[in-house]
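Chemist: Starting off with a structure, shown below.
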Amino acid sequence: MADRRREGRRAGVPGRRRGGPDCREETAENWIAAFRKGAGGKVTAEFYDEGSYRQTVVLYLHATGQIKQIYVLPGPAEGRDVRRVNMREPDPAEATAVAPWVPKKPGELGSTMLP
């Protein structure tokens, strides 16, 4: 039964919880479809904010010229310091959208590149 429900959500039949609290699979599928080629090559990451609550990370995928902004959230898990990536973008257009403030090239806001 669980397999049919999952297939139904993917197929867009009634009962699909698009954008609901558990849209991780849809978001992951969107990210894989949109960024697979670019993520296989050179990637530059720029980190914004200090990171104790939430850190914005901008990924530059050089092979495709794509840009992806993600939010990394800190949180304890079984006594360990871990980071989680916010994955709530079930709409493919949302997954590939670039915020207006995001620089088009790494370093445009004065970040430092380390070798």
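Ligands are numbered from 1 in the order shown, chains are lettered A, B, ... in the order of the structure tokens, and residues start at 1 in each chain.
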Tell me which protein, DNA and RNA residues are within 9 Å of Tyr53 in chain A, counting only C-alpha atoms, leaving out same-chain ones fewer than 5 positions away, and put them as a ChimeraX atom specification.
Modeler: /A:72-75
Chemist: Would you mind exporting the chosen residues as a PDB file, in the first residue's frame, restricted to N, CA and C atoms?
Modeler:
ATOM      1  N   VAL A  72      21.639  26.000   5.186  1.00  0.00           N
ATOM      2  CA  VAL A  72      22.175  24.946   6.028  1.00  0.00           C
ATOM      3  C   VAL A  72      21.815  25.304   7.465  1.00  0.00           C
ATOM      4  N   LEU A  73      21.194  24.356   8.143  1.00  0.00           N
ATOM      5  CA  LEU A  73      20.713  24.581   9.499  1.00  0.00           C
ATOM      6  C   LEU A  73      21.506  23.734  10.477  1.00  0.00           C
ATOM      7  N   PRO A  74      22.047  24.328  11.537  1.00  0.00           N
ATOM      8  CA  PRO A  74      22.762  23.542  12.538  1.00  0.00           C
ATOM      9  C   PRO A  74      21.767  22.856  13.467  1.00  0.00           C
ATOM     10  N   GLY A  75      22.187  21.756  14.040  1.00  0.00           N
ATOM     11  CA  GLY A  75      21.321  21.092  15.002  1.00  0.00           C
ATOM     12  C   GLY A  75      21.994  19.878  15.592  1.00  0.00           C
TER      13      GLY A  75
END
Chemist: Would you kindly return, as a list of chain:residue names, each protein, DNA or RNA residue with an atom no farther than 10 Å from any atom of Val102 in chain A, considering only C-alpha atoms and excluding same-chain residues fewer than 6 positions away?
Modeler: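 Residues meeting the cut-off are A:Val58, A:Ile67, A:Lys68, A:Gln69, A:Glu108, A:Leu109.
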Chemist: Report as CSV the residues of range 19-72 of chain A within 8 Å of range 86-95 of chain A, each with its shortest atom pair and distance in Å (one decimal), using only C-alpha atoms, ordered by chain and increasing residue number.
Modeler:
residue,atom,partner,partner_atom,distance
A:Gly19,CA,A:Pro90,CA,5.4
A:Pro21,CA,A:Arg88,CA,8.0
A:Cys23,CA,A:Pro90,CA,6.1
A:Arg24,CA,A:Met87,CA,6.0
A:Glu26,CA,A:Pro90,CA,5.1
A:Thr27,CA,A:Pro90,CA,4.6
A:Ala28,CA,A:Met87,CA,7.4
A:Asn30,CA,A:Pro92,CA,5.5
A:Trp31,CA,A:Ala95,CA,6.5
A:Ala34,CA,A:Pro92,CA,7.9
A:Ile70,CA,A:Asn86,CA,7.0
A:Tyr71,CA,A:Asn86,CA,5.6
A:Val72,CA,A:Asn86,CA,6.4
Chemist: If I take CA of Arg83 in chain A and CA of Asp49 in chain A, how far is one from the other in Å, to one decimal?
Modeler: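 Between these atoms lies a distance of 14.5 Å.
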Chemist: Pick out the residues sitting within 12 Å of Lys42 in chain A, and hand them over as an mmCIF file with C-alpha atoms, in the first residue's frame; count only C-alpha atoms, and ignore anything fewer than 4 positions along from it in its own chain.
Modeler:
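This went into selection25.cif:
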data_model
loop_
_atom_site.group_PDB
_atom_site.id
_atom_site.type_symbol
_atom_site.label_atom_id
_atom_site.label_comp_id
_atom_site.auth_asym_id
_atom_site.auth_seq_id
_atom_site.Cartn_x
_atom_site.Cartn_y
_atom_site.Cartn_z
ATOM 1 C CA LYS A 37 25.182 17.578 -14.894
ATOM 2 C CA GLY A 38 26.593 20.703 -13.237
ATOM 3 C CA LEU A 59 26.784 26.978 -5.031
ATOM 4 C CA TYR A 60 28.216 27.863 -8.446
ATOM 5 C CA LEU A 61 28.209 24.930 -10.882
ATOM 6 C CA HIS A 62 30.871 25.891 -13.412
ATOM 7 C CA ALA A 63 30.140 23.288 -16.106
ATOM 8 C CA THR A 64 26.574 24.519 -16.616
ATOM 9 C CA GLY A 65 26.740 28.068 -15.233
ATOM 10 C CA GLN A 66 23.976 27.225 -12.778
#
Chemist: If you run DSSP over the backbone, which residues in range 27-113 of chain A end up strand (DSSP E or B)? Put them as a PyMOL selection string.
Modeler: chain A and resi 43-48+55-61+66-77+80-85
Chemist: Of the residues A:Glu46, A:Ala39, A:Gln55, A:Glu25, which is the one nearest to Val85 in chain A, using only C-alpha atoms?
Modeler: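 With only C-alpha atoms as the atom set, the closest residue is A:Gln55.
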Chemist: Go through range 15-97 of chain A and collect every residue that DSSP, computed from the backbone, puts in helix (DSSP H, G or I); the answer should be as a list in words.
Modeler: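 These are the residues in question: Arg24, Glu25, Glu26, Thr27, Ala28, Glu29, Asn30, Trp31, Ile32, Ala33, Ala34, Phe35, Arg36, Lys37, Gly38, Ala39, Pro92, Ala93, Glu94, Ala95 and Thr96 of chain A.
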Chemist: Which residue out of A:Ala33, A:Gly79, A:Gly40, A:Tyr48 has the minimum interatomic distance to Ser111 in chain A when only C-alpha atoms are used?
Modeler: A:Tyr48
Chemist: Between CA of Ser52 in chain A and CA of Glu78 in chain A, measure the distance and give it in Å to one decimal.
Modeler: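 CA of Glu78 in chain A lies 18.1 Å from CA of Ser52 in chain A.
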Chemist: Any idea what the distance is between CA of Gly51 in chain A and CA of Pro76 in chain A?
Modeler: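 Calculated distance between CA of Gly51 in chain A and CA of Pro76 in chain A is 13.8 Å.
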